[in-house]
$ cat final12.cif   # mmCIF, C-alpha atoms
data_work
loop_
_atom_site.label_atom_id
_atom_site.label_comp_id
_atom_site.auth_asym_id
_atom_site.auth_seq_id
_atom_site.Cartn_x
_atom_site.Cartn_y
_atom_site.Cartn_z
CA MET A 259 45.52 -22.76 89.66
CA LEU A 260 47.11 -20.78 86.84
CA CYS A 261 45.61 -23.38 84.53
CA ASP A 262 42.08 -22.83 85.85
CA LEU A 263 42.48 -19.12 85.52
CA LYS A 264 43.59 -19.60 81.92
CA GLY A 265 40.61 -21.69 80.99
CA ALA A 266 38.20 -19.16 82.44
CA ASN A 267 40.06 -16.33 80.77
CA MET A 268 39.84 -17.79 77.31
CA GLY A 269 36.08 -17.51 77.31
CA SER A 270 34.19 -17.70 74.05
CA ARG A 271 37.30 -17.76 71.91
CA SER A 272 38.27 -21.22 73.05
CA VAL A 273 34.83 -22.49 72.13
CA ARG A 274 35.10 -21.16 68.61
CA LEU A 275 38.72 -21.77 67.73
CA LEU A 276 40.26 -24.39 69.96
CA PRO A 277 39.30 -27.98 70.62
CA TRP A 278 39.75 -29.22 74.15
CA LEU A 279 43.03 -30.77 73.23
CA GLY A 280 44.27 -27.32 72.21
CA LEU A 281 43.12 -25.92 75.50
CA TYR A 282 45.11 -28.55 77.30
CA ALA A 283 48.18 -27.69 75.25
CA VAL A 284 47.80 -24.01 76.10
CA CYS A 285 47.62 -24.96 79.74
CA THR A 286 50.95 -26.74 79.64
CA VAL A 287 52.57 -23.86 77.83
CA ALA A 288 51.33 -21.44 80.44
CA LEU A 289 52.81 -23.48 83.26
CA ALA A 290 56.13 -23.72 81.47
CA ASP A 291 56.13 -19.96 80.89
CA ALA A 292 55.34 -19.21 84.49
CA SER A 293 58.38 -21.06 85.71
CA ALA A 294 60.60 -19.48 83.06
CA GLN A 295 59.39 -15.93 83.74
CA GLN A 296 58.17 -15.22 87.22
CA ALA A 297 54.71 -15.89 88.55
CA TYR A 298 52.41 -12.87 88.69
CA CYS A 299 52.75 -11.10 92.07
CA GLU A 300 49.67 -9.57 93.62
CA TRP A 301 50.00 -5.87 94.48
CA GLN A 302 47.96 -3.43 96.55
CA SER A 303 47.44 0.25 95.86
CA SER A 304 46.39 2.84 98.37
CA ASP A 305 46.22 6.61 98.10
CA PHE A 306 47.07 6.39 94.36
CA ALA A 307 50.39 4.63 94.98
CA ILE A 308 51.88 1.15 95.38
CA ALA A 309 54.15 1.34 98.41
CA SER A 310 55.97 -2.01 98.14
CA PRO A 311 58.19 -3.02 95.22
CA LEU A 312 56.59 -5.74 93.05
CA CYS A 313 57.59 -9.23 94.28
CA GLY A 314 59.96 -7.41 96.67
CA LEU A 315 62.44 -6.87 93.80
CA GLU A 316 65.03 -4.12 93.53
CA GLY A 317 65.27 -2.09 90.31
CA ASP A 318 68.27 -1.06 88.26
CA PRO A 319 68.09 2.44 86.69
CA ALA A 320 70.40 1.67 83.75
CA ARG A 321 68.30 -1.29 82.68
CA GLY A 322 65.19 0.85 83.14
CA ARG A 323 66.52 3.52 80.81
CA ALA A 324 67.29 0.97 78.09
CA LEU A 325 63.85 -0.56 78.49
CA ALA A 326 62.09 2.80 78.17
CA ALA A 327 63.65 3.26 74.72
CA ASP A 328 63.33 -0.35 73.50
CA SER A 329 60.41 -0.66 71.09
CA HIS A 330 60.16 -4.35 71.98
CA GLY A 331 60.30 -3.53 75.70
CA GLY A 332 58.51 -0.77 77.59
CA ASN A 333 58.62 1.56 74.58
CA CYS A 334 57.69 4.48 76.82
CA LEU A 335 59.17 6.72 74.10
CA ALA A 336 56.24 5.73 71.89
CA CYS A 337 54.16 8.19 73.90
CA HIS A 338 56.47 10.24 76.15
CA GLN A 339 59.33 12.63 75.57
CA MET A 340 62.24 11.63 77.81
CA PRO A 341 65.84 12.76 78.30
CA ILE A 342 67.10 9.96 76.03
CA ASP A 343 68.64 12.13 73.33
CA GLU A 344 70.28 9.37 71.28
CA GLU A 345 66.82 8.17 70.20
CA PRO A 346 65.33 10.33 67.42
CA PHE A 347 61.57 9.92 67.73
CA HIS A 348 59.70 10.65 70.96
CA GLY A 349 55.93 10.42 71.10
CA THR A 350 53.68 13.27 72.23
CA ILE A 351 50.66 11.34 73.46
CA GLY A 352 51.53 11.48 77.17
CA PRO A 353 53.20 14.25 79.19
CA PRO A 354 57.01 14.61 78.97
CA LEU A 355 58.66 12.60 81.74
CA GLN A 356 61.50 15.03 82.48
CA GLY A 357 61.16 15.95 86.16
CA VAL A 358 58.76 13.12 86.93
CA GLY A 359 60.97 12.06 89.87
CA GLU A 360 60.39 15.47 91.37
CA ARG A 361 56.63 15.40 90.93
CA TYR A 362 56.09 11.88 92.25
CA SER A 363 57.48 9.41 94.77
CA ALA A 364 58.66 5.95 93.74
CA ALA A 365 55.40 4.50 95.07
CA GLN A 366 53.30 6.91 92.97
CA ILE A 367 55.36 6.23 89.85
CA ARG A 368 54.97 2.47 90.44
CA LEU A 369 51.17 2.63 90.26
CA ARG A 370 51.31 4.82 87.15
CA ILE A 371 53.37 2.18 85.35
CA VAL A 372 51.47 -0.79 86.78
CA ASP A 373 47.93 0.46 86.16
CA GLU A 374 47.36 4.08 85.09
CA GLN A 375 43.65 3.29 84.68
CA GLN A 376 43.34 3.44 88.48
CA ILE A 377 44.20 7.13 88.21
CA ASN A 378 42.48 7.95 84.92
CA PRO A 379 39.93 5.33 83.81
CA MET A 380 39.92 6.80 80.28
CA THR A 381 43.68 6.70 79.76
CA ILE A 382 45.33 5.23 76.68
CA MET A 383 48.42 4.30 78.71
CA PRO A 384 48.69 0.52 78.96
CA GLY A 385 48.76 -1.04 82.42
CA PHE A 386 52.17 -2.69 82.33
CA TYR A 387 51.52 -4.99 85.28
CA ARG A 388 47.79 -5.52 85.51
CA ASP A 389 46.36 -8.90 86.41
CA PRO A 390 46.35 -10.65 83.00
CA ALA A 391 43.14 -12.45 83.94
CA HIS A 392 41.26 -9.20 83.28
CA ALA A 393 42.43 -8.72 79.69
CA ASN A 394 39.80 -8.73 76.92
CA ARG A 395 40.69 -10.84 73.83
CA ILE A 396 44.39 -10.96 74.54
CA ALA A 397 46.30 -12.48 71.58
CA GLY A 398 47.19 -16.16 72.09
CA GLU A 399 50.92 -15.81 72.57
CA PHE A 400 50.40 -13.27 75.38
CA TRP A 401 47.84 -15.22 77.40
CA GLY A 402 48.44 -15.11 81.11
CA LYS A 403 51.31 -12.67 80.77
CA THR A 404 51.68 -9.14 82.02
CA PHE A 405 53.09 -6.64 79.50
CA LEU A 406 56.28 -6.19 81.51
CA THR A 407 57.76 -8.43 84.19
CA ALA A 408 57.87 -7.27 87.82
CA GLN A 409 61.64 -6.84 87.47
CA GLN A 410 61.22 -4.63 84.41
CA VAL A 411 58.67 -2.45 86.21
CA GLU A 412 61.03 -2.03 89.15
CA ASP A 413 63.89 -1.14 86.75
CA LEU A 414 61.67 1.57 85.22
CA VAL A 415 60.67 2.92 88.64
CA ALA A 416 64.36 3.06 89.61
CA TYR A 417 65.09 5.02 86.42
CA LEU A 418 62.15 7.43 86.58
CA VAL A 419 62.89 8.53 90.17
CA THR A 420 66.26 9.79 88.88
CA LEU A 421 64.52 12.19 86.43
CA LYS A 422 64.66 15.32 88.57
CA MET B 37 44.25 13.31 94.68
CA ARG B 38 40.49 13.12 94.17
CA ALA B 39 40.66 16.61 92.72
CA LEU B 40 43.35 15.51 90.30
CA LEU B 41 41.21 12.58 89.27
CA ALA B 42 38.27 14.87 88.67
CA VAL B 43 40.37 17.23 86.56
CA LEU B 44 41.78 14.38 84.46
CA LEU B 45 38.31 12.96 83.91
CA PHE B 46 37.00 16.36 82.96
CA VAL B 47 39.82 16.93 80.48
CA THR B 48 39.41 13.55 78.77
CA LEU B 49 35.63 13.67 78.63
CA THR B 50 35.54 17.14 77.12
CA LEU B 51 37.90 16.32 74.25
CA PRO B 52 36.12 16.82 70.91
CA ALA B 53 34.21 13.57 70.44
CA GLN B 54 33.22 14.08 66.81
CA ALA B 55 35.71 16.37 65.13
CA GLU B 56 35.34 17.26 61.43
CA PRO B 57 36.39 14.23 59.38
CA VAL B 58 39.90 14.58 57.92
CA SER B 59 41.25 12.09 55.40
CA GLY B 60 44.49 10.22 56.10
CA TYR B 61 45.70 12.06 52.98
CA ALA B 62 46.13 15.21 55.08
CA PHE B 63 48.67 13.38 57.23
CA LEU B 64 50.91 12.33 54.32
CA ASP B 65 54.11 13.97 53.13
CA ASP B 66 54.09 15.63 49.70
CA SER B 67 55.87 12.84 47.84
CA THR B 68 53.35 10.23 49.02
CA ARG B 69 50.48 12.50 47.99
CA GLU B 70 51.99 12.93 44.53
CA MET B 71 52.36 9.18 44.25
CA GLN B 72 48.70 8.68 45.14
CA ASP B 73 47.46 11.38 42.77
CA ASP B 74 49.41 10.23 39.71
CA GLU B 75 47.73 7.16 38.28
CA PHE B 76 50.96 6.02 36.66
CA SER B 77 52.99 6.06 39.86
CA ASN B 78 50.22 4.92 42.24
CA PRO B 79 51.17 1.29 42.99
CA GLY B 80 47.54 0.50 43.86
CA MET B 81 46.57 0.92 40.19
CA VAL B 82 48.00 -2.54 39.48
CA THR B 83 45.19 -3.93 41.63
CA VAL B 84 42.63 -1.74 39.90
CA ASP B 85 43.79 -3.20 36.56
CA ARG B 86 43.61 -6.71 37.96
CA GLY B 87 40.07 -5.96 39.15
CA ALA B 88 39.15 -4.62 35.71
CA GLU B 89 40.29 -7.90 34.12
CA LEU B 90 38.20 -9.95 36.54
CA PHE B 91 35.26 -7.62 35.98
CA HIS B 92 35.24 -8.32 32.25
CA GLU B 93 36.33 -11.95 32.41
CA LEU B 94 34.00 -14.52 30.88
CA ARG B 95 35.15 -18.03 31.76
CA ASP B 96 34.52 -21.10 29.58
CA SER B 97 30.84 -22.01 29.37
CA GLU B 98 29.81 -19.03 31.51
CA VAL B 99 26.84 -16.86 30.60
CA HIS B 100 27.71 -13.68 32.50
CA SER B 101 30.66 -11.54 33.42
CA CYS B 102 30.27 -8.64 35.84
CA SER B 103 30.36 -6.31 32.83
CA SER B 104 27.41 -7.99 31.12
CA CYS B 105 25.18 -6.58 33.88
CA HIS B 106 27.18 -3.53 34.98
CA GLY B 107 28.38 -2.32 31.58
CA GLU B 108 31.74 -2.14 29.79
CA ASN B 109 34.20 -0.47 32.14
CA GLY B 110 31.45 -0.41 34.75
CA ALA B 111 29.48 2.15 32.76
CA LYS B 112 26.25 1.26 34.57
CA ILE B 113 27.75 1.39 38.05
CA ASP B 114 26.34 4.29 40.03
CA ALA B 115 29.09 5.99 42.02
CA LYS B 116 26.52 7.30 44.47
CA ALA B 117 25.38 3.75 45.24
CA ILE B 118 28.98 2.61 45.82
CA ALA B 119 29.48 5.54 48.22
CA ARG B 120 26.59 4.15 50.35
CA TYR B 121 28.42 0.95 51.33
CA PRO B 122 28.13 -0.85 53.73
CA VAL B 123 24.36 -0.93 53.13
CA PHE B 124 21.36 -2.48 54.81
CA ASN B 125 19.71 -5.05 52.58
CA ALA B 126 17.00 -7.14 54.22
CA ASN B 127 16.98 -9.64 51.34
CA LEU B 128 20.68 -10.35 51.82
CA GLY B 129 20.35 -10.76 55.57
CA GLY B 130 20.94 -7.19 56.80
CA LEU B 131 24.33 -5.48 56.84
CA VAL B 132 26.27 -5.98 53.58
CA THR B 133 29.78 -4.69 52.94
CA LEU B 134 30.95 -3.92 49.40
CA GLN B 135 33.16 -7.01 49.42
CA GLU B 136 30.21 -9.16 50.48
CA ARG B 137 28.07 -7.64 47.74
CA VAL B 138 30.74 -8.46 45.14
CA ASN B 139 31.00 -12.00 46.49
CA TYR B 140 27.22 -12.34 46.26
CA CYS B 141 27.26 -11.42 42.55
CA TRP B 142 30.22 -13.76 42.05
CA GLU B 143 28.29 -16.67 43.55
CA ILE B 144 24.70 -16.03 42.47
CA ASN B 145 24.97 -14.12 39.20
CA LEU B 146 28.17 -15.61 37.82
CA ASP B 147 27.44 -19.00 39.38
CA ARG B 148 30.93 -19.44 40.74
CA PHE B 149 32.11 -20.98 43.98
CA PRO B 150 32.04 -18.13 46.57
CA LEU B 151 35.36 -16.66 47.68
CA THR B 152 36.53 -16.38 51.28
CA PRO B 153 36.59 -12.85 52.73
CA GLY B 154 39.93 -11.22 52.05
CA ASN B 155 40.57 -13.35 48.95
CA SER B 156 42.85 -11.41 46.58
CA GLN B 157 40.39 -11.60 43.66
CA LEU B 158 37.66 -10.24 45.88
CA ILE B 159 39.88 -7.38 47.05
CA ALA B 160 40.86 -6.65 43.42
CA LEU B 161 37.20 -6.41 42.40
CA GLU B 162 36.37 -4.30 45.45
CA THR B 163 39.28 -1.99 44.61
CA TYR B 164 38.17 -1.69 40.98
CA VAL B 165 34.54 -0.95 41.85
CA ARG B 166 35.36 1.57 44.55
CA HIS B 167 37.90 3.21 42.25
CA LEU B 168 35.02 3.81 39.81
CA ALA B 169 33.48 5.97 42.55
CA ARG B 170 36.68 7.93 43.22
CA GLY B 171 35.87 11.54 44.16
CA GLU B 172 32.32 10.67 45.25
CA LYS B 173 31.61 11.55 48.88
CA VAL B 174 31.15 8.69 51.34
CA ASN B 175 27.48 8.65 52.30
CA VAL B 176 26.68 5.76 54.63
CA GLN B 177 23.11 5.54 55.94
CA THR B 178 22.98 6.41 59.63
CA ASP B 179 19.25 6.34 60.38
CA GLY B 180 16.49 3.73 60.21
CA GLU B 181 17.64 0.09 60.35
CA MET B 182 21.27 1.24 60.44
CA ALA B 183 20.97 3.20 63.69
CA PRO B 184 21.10 0.19 66.06
CA LEU B 185 23.88 -1.45 64.02
CA LEU B 186 25.90 1.76 64.11
CA ALA B 187 25.50 1.89 67.87
CA LYS B 188 26.96 -1.62 68.09
CA GLY B 189 29.85 -0.70 65.81
CA GLU B 190 30.56 2.39 67.87
CA ALA B 191 30.53 0.31 71.06
CA LEU B 192 33.17 -2.00 69.54
CA TYR B 193 35.20 1.05 68.50
CA ASN B 194 35.20 2.18 72.13
CA THR B 195 35.94 -1.24 73.65
CA ARG B 196 39.35 -1.94 75.12
CA PHE B 197 41.07 -5.03 73.71
CA GLY B 198 44.25 -7.00 74.16
CA GLN B 199 47.24 -6.96 76.43
CA LEU B 200 47.63 -3.20 75.96
CA ASP B 201 43.94 -2.77 76.77
CA MET B 202 43.36 -0.07 74.14
CA ALA B 203 40.33 0.93 72.09
CA CYS B 204 40.31 2.31 68.55
CA GLN B 205 39.07 5.62 69.90
CA HIS B 206 42.18 6.03 72.06
CA CYS B 207 44.42 6.52 69.05
CA HIS B 208 42.01 7.80 66.41
CA VAL B 209 39.76 10.13 68.46
CA GLN B 210 41.33 10.97 71.82
CA HIS B 211 44.92 11.33 70.53
CA GLN B 212 44.53 11.99 66.78
CA GLY B 213 47.18 14.36 65.47
CA GLN B 214 49.70 13.37 68.14
CA MET B 215 52.90 11.42 67.57
CA LEU B 216 53.11 7.72 68.41
CA ARG B 217 56.90 7.62 68.40
CA GLY B 218 57.67 8.51 64.71
CA GLN B 219 54.13 7.98 63.43
CA LYS B 220 51.49 10.72 63.36
CA LEU B 221 48.09 9.41 64.40
CA SER B 222 45.35 10.12 61.88
CA GLN B 223 41.63 9.76 62.45
CA GLY B 224 41.86 6.25 61.03
CA GLN B 225 39.48 7.13 58.21
CA ALA B 226 38.34 4.54 55.67
CA ASN B 227 37.70 6.64 52.55
CA GLY B 228 40.86 5.40 50.76
CA PHE B 229 40.35 1.64 51.12
CA PRO B 230 41.37 -0.75 49.71
CA GLU B 231 44.64 1.14 49.85
CA TYR B 232 48.26 0.51 48.92
CA ARG B 233 50.59 0.23 51.91
CA LEU B 234 54.17 1.29 51.26
CA GLY B 235 55.43 -0.33 54.48
CA ARG B 236 53.91 -3.70 53.60
CA GLY B 237 54.29 -3.47 49.83
CA ARG B 238 50.75 -4.61 49.14
CA ILE B 239 47.14 -3.62 48.73
CA THR B 240 45.21 -3.81 52.03
CA SER B 241 41.49 -4.06 52.62
CA LEU B 242 39.89 -2.19 55.51
CA GLN B 243 39.36 -5.34 57.53
CA GLN B 244 42.98 -6.40 56.99
CA ARG B 245 44.00 -2.98 58.34
CA LEU B 246 41.84 -3.56 61.41
CA THR B 247 43.71 -6.78 62.03
CA GLU B 248 47.02 -4.88 61.93
CA CYS B 249 45.75 -2.44 64.56
CA PHE B 250 44.48 -5.33 66.72
CA VAL B 251 47.83 -7.09 66.47
CA SER B 252 49.64 -3.90 67.40
CA PHE B 253 47.97 -3.80 70.80
CA ARG B 254 48.34 -7.54 71.19
CA ALA B 255 44.66 -8.36 70.84
CA GLU B 256 43.24 -11.43 69.15
CA PRO B 257 41.84 -10.06 65.87
CA PHE B 258 38.34 -10.95 64.71
CA GLU B 259 38.00 -12.84 61.44
CA GLU B 260 37.49 -11.01 58.16
CA GLY B 261 33.80 -11.06 57.35
CA SER B 262 32.85 -11.66 60.99
CA PRO B 263 29.87 -9.72 62.38
CA GLU B 264 32.24 -7.72 64.60
CA TYR B 265 34.44 -6.56 61.71
CA ASP B 266 31.39 -5.80 59.56
CA LEU B 267 29.96 -3.64 62.35
CA LEU B 268 33.32 -1.91 62.81
CA GLU B 269 33.54 -1.32 59.05
CA LEU B 270 30.06 0.21 59.09
CA TYR B 271 30.87 2.54 61.96
CA ILE B 272 34.28 3.53 60.58
CA MET B 273 32.81 4.22 57.12
CA SER B 274 30.09 6.38 58.69
CA ARG B 275 32.82 8.48 60.34
CA ALA B 276 34.07 9.16 56.79
CA ASN B 277 30.72 10.53 55.61
CA GLY B 278 31.47 13.63 53.53
CA LEU B 279 35.05 12.61 52.67
CA GLU B 280 35.87 11.82 49.05
CA ILE B 281 36.59 8.23 48.08
CA GLU B 282 40.34 7.99 47.29
CA THR B 283 40.64 4.32 46.35
CA PRO B 284 43.35 3.23 45.92
CA ALA B 285 44.87 5.55 48.52
CA VAL B 286 48.61 5.30 49.26
CA ARG B 287 49.58 5.14 52.93
CA PHE B 288 52.53 4.03 54.97
#

$ encode --input "final12.cif" --output "structure tokens"
Amino acid sequence: MLCDLKGANMGSRSVRLLPWLGLYAVCTVALADASAQQAYCEWQSSDFAIASPLCGLEGDPARGRALAADSHGGNCLACHQMPIDEEPFHGTIGPPLQGVGERYSAAQIRLRIVDEQQINPMTIMPGFYRDPAHANRIAGEFWGKTFLTAQQVEDLVAYLVTLK
Amino acid sequence: MRALLAVLLFVTLTLPAQAEPVSGYAFLDDSTREMQDDEFSNPGMVTVDRGAELFHELRDSEVHSCSSCHGENGAKIDAKAIARYPVFNANLGGLVTLQERVNYCWEINLDRFPLTPGNSQLIALETYVRHLARGEKVNVQTDGEMAPLLAKGEALYNTRFGQLDMACQHCHVQHQGQMLRGQKLSQGQANGFPEYRLGRGRITSLQQRLTECFVSFRAEPFEEGSPEYDLLELYIMSRANGLEIETPAVRF
């Protein structure tokens, strides 16, 4: 099933760059990845929030804080100022996240991390847990993957609710 | 909630769509500007010199060098014509970038095997020729046959790509001037290309720079010389209309 989705997702690129054998190889890789990571969990939003934790996972605020600063991880600092003073450079593209736990519930924060485009269709903020099948020209090594894992999103939610 | 949505939409849609063009030069610190302005410390001048050699080079049993048509030191090259690139040329199949024009002369007039887009000799020649037009204002055609091509280039510029699902306009229009972590976002102007990149330690063509931006939001880049990159180059160059050519610019 993941394999089918992959093939459809690759679209015109596969025709131009990859022979069928390559496509097959990509398929196997994707399956291997899925078992190593965690399969994509469907989520539902209503009233501009996602009420249930992704895959039913529980987040850890300390891991979330580290992830927000990690430029290979969430890299939220690329765009947001946050109370993470040991890191020198904070971006100014998005609003500062101090006090975000006061402004929003965990469920509202979850949707903003998962898919901010549902709130502002023009936003630059990446959807960190959008269905990868909808990506346009995603680079090969990231095919079929969400930007962050469900666990990482939950860790970030757990951290952001503490920012009062 | 709906009200919030409406406000957000209003705010984003009313951001200045076409601000005055500002060169990436304005976003540099003083020492980088000095480096660019001084031809002895500008590391891109090595490529200009390499281009000059190729421009005058006459290989064994060859009849022409570039300079036999375009003059010693490019004396017969019209800076105003260089500032028009990319141009529309029906005889050459429509949209032609400066690199493609150089490659055309290389193949047809010098009778050499054509180079692949992004080839270092091609970039050296492009750098040399555009350097000859330094100070001239970019002046890309925007009407006539170009109008529909520009519309396509603009559409690509506004298309979301990759795992991060971002468009060029997000960083270089909507959020220009803001900080992306430690990096100030410029308008992504093309008037300095090919340019020397301090962070990479090499000369970089415009289309190579596009690939870096694509990779940064985890999108599959297009190929150099592809119709998509040529259309993007056209649109980006037209945004620079009125800015002075700075080749070789120095950027991070």

$ resolve_selection --input "final12.cif" --expression "the PyMOL selection byres ((chain B) within 6 of (chain A))" --output "ChimeraX atom specification"
/B:197-200,206,214-218,254-256

$ residues_near_point --input "final12.cif" --point "(60.9, -7.3, 83.8)" --cutoff "12 Å" --atoms "all atoms listed in the file" --output "PyMOL selection string"
chain A and resi 295-298+312-313+315-318+321-322+324-326+331-332+372+386-387+403-415

$ resolve_selection --input "final12.cif" --expression "the PyMOL selection byres ((chain B and resi 263) around 12)" --output "list of chain:residue names"
B:Gly129, B:Gly130, B:Leu131, B:Val132, B:Thr133, B:Glu136, B:Leu185, B:Lys188, B:Gly189, B:Leu192, B:Gln243, B:Phe258, B:Glu259, B:Glu260, B:Gly261, B:Ser262, B:Glu264, B:Tyr265, B:Asp266, B:Leu267, B:Leu268, B:Glu269, B:Leu270

$ resolve_selection --input "final12.cif" --expression "the PyMOL selection byres ((chain B and resi 227-238) around 8)" --output "ChimeraX atom specification"
/B:59,79-80,159,162-163,174,225-226,239-242,273,276,279-288

$ residues_around --input "final12.cif" --residues "B:Leu168" --least-positions-apart "6" --cutoff "9 Å" --atoms "only C-alpha atoms" --output "compact mmCIF listing (two decimals) with C-alpha atoms, keeping the file's coordinate frame"
# COMPACT_ATOMS: atom_id res chain seq x y z
CA ASN B 109 34.20 -0.47 32.14
CA GLY B 110 31.45 -0.41 34.75
CA ILE B 113 27.75 1.39 38.05
CA ASP B 114 26.34 4.29 40.03
CA ALA B 115 29.09 5.99 42.02
CA ILE B 118 28.98 2.61 45.82
CA THR B 283 40.64 4.32 46.35

$ atom_distance --input "final12.cif" --atom1 "atom CA of A:Gly314" --atom2 "atom CA of A:Leu418"
18.1 Å

$ atom_distance --input "final12.cif" --atom1 "atom CA of A:Leu369" --atom2 "atom CA of A:Leu421"
16.9 Å

$ atom_distance --input "final12.cif" --atom1 "atom CA of B:Asn145" --atom2 "atom CA of B:Cys102"
8.3 Å
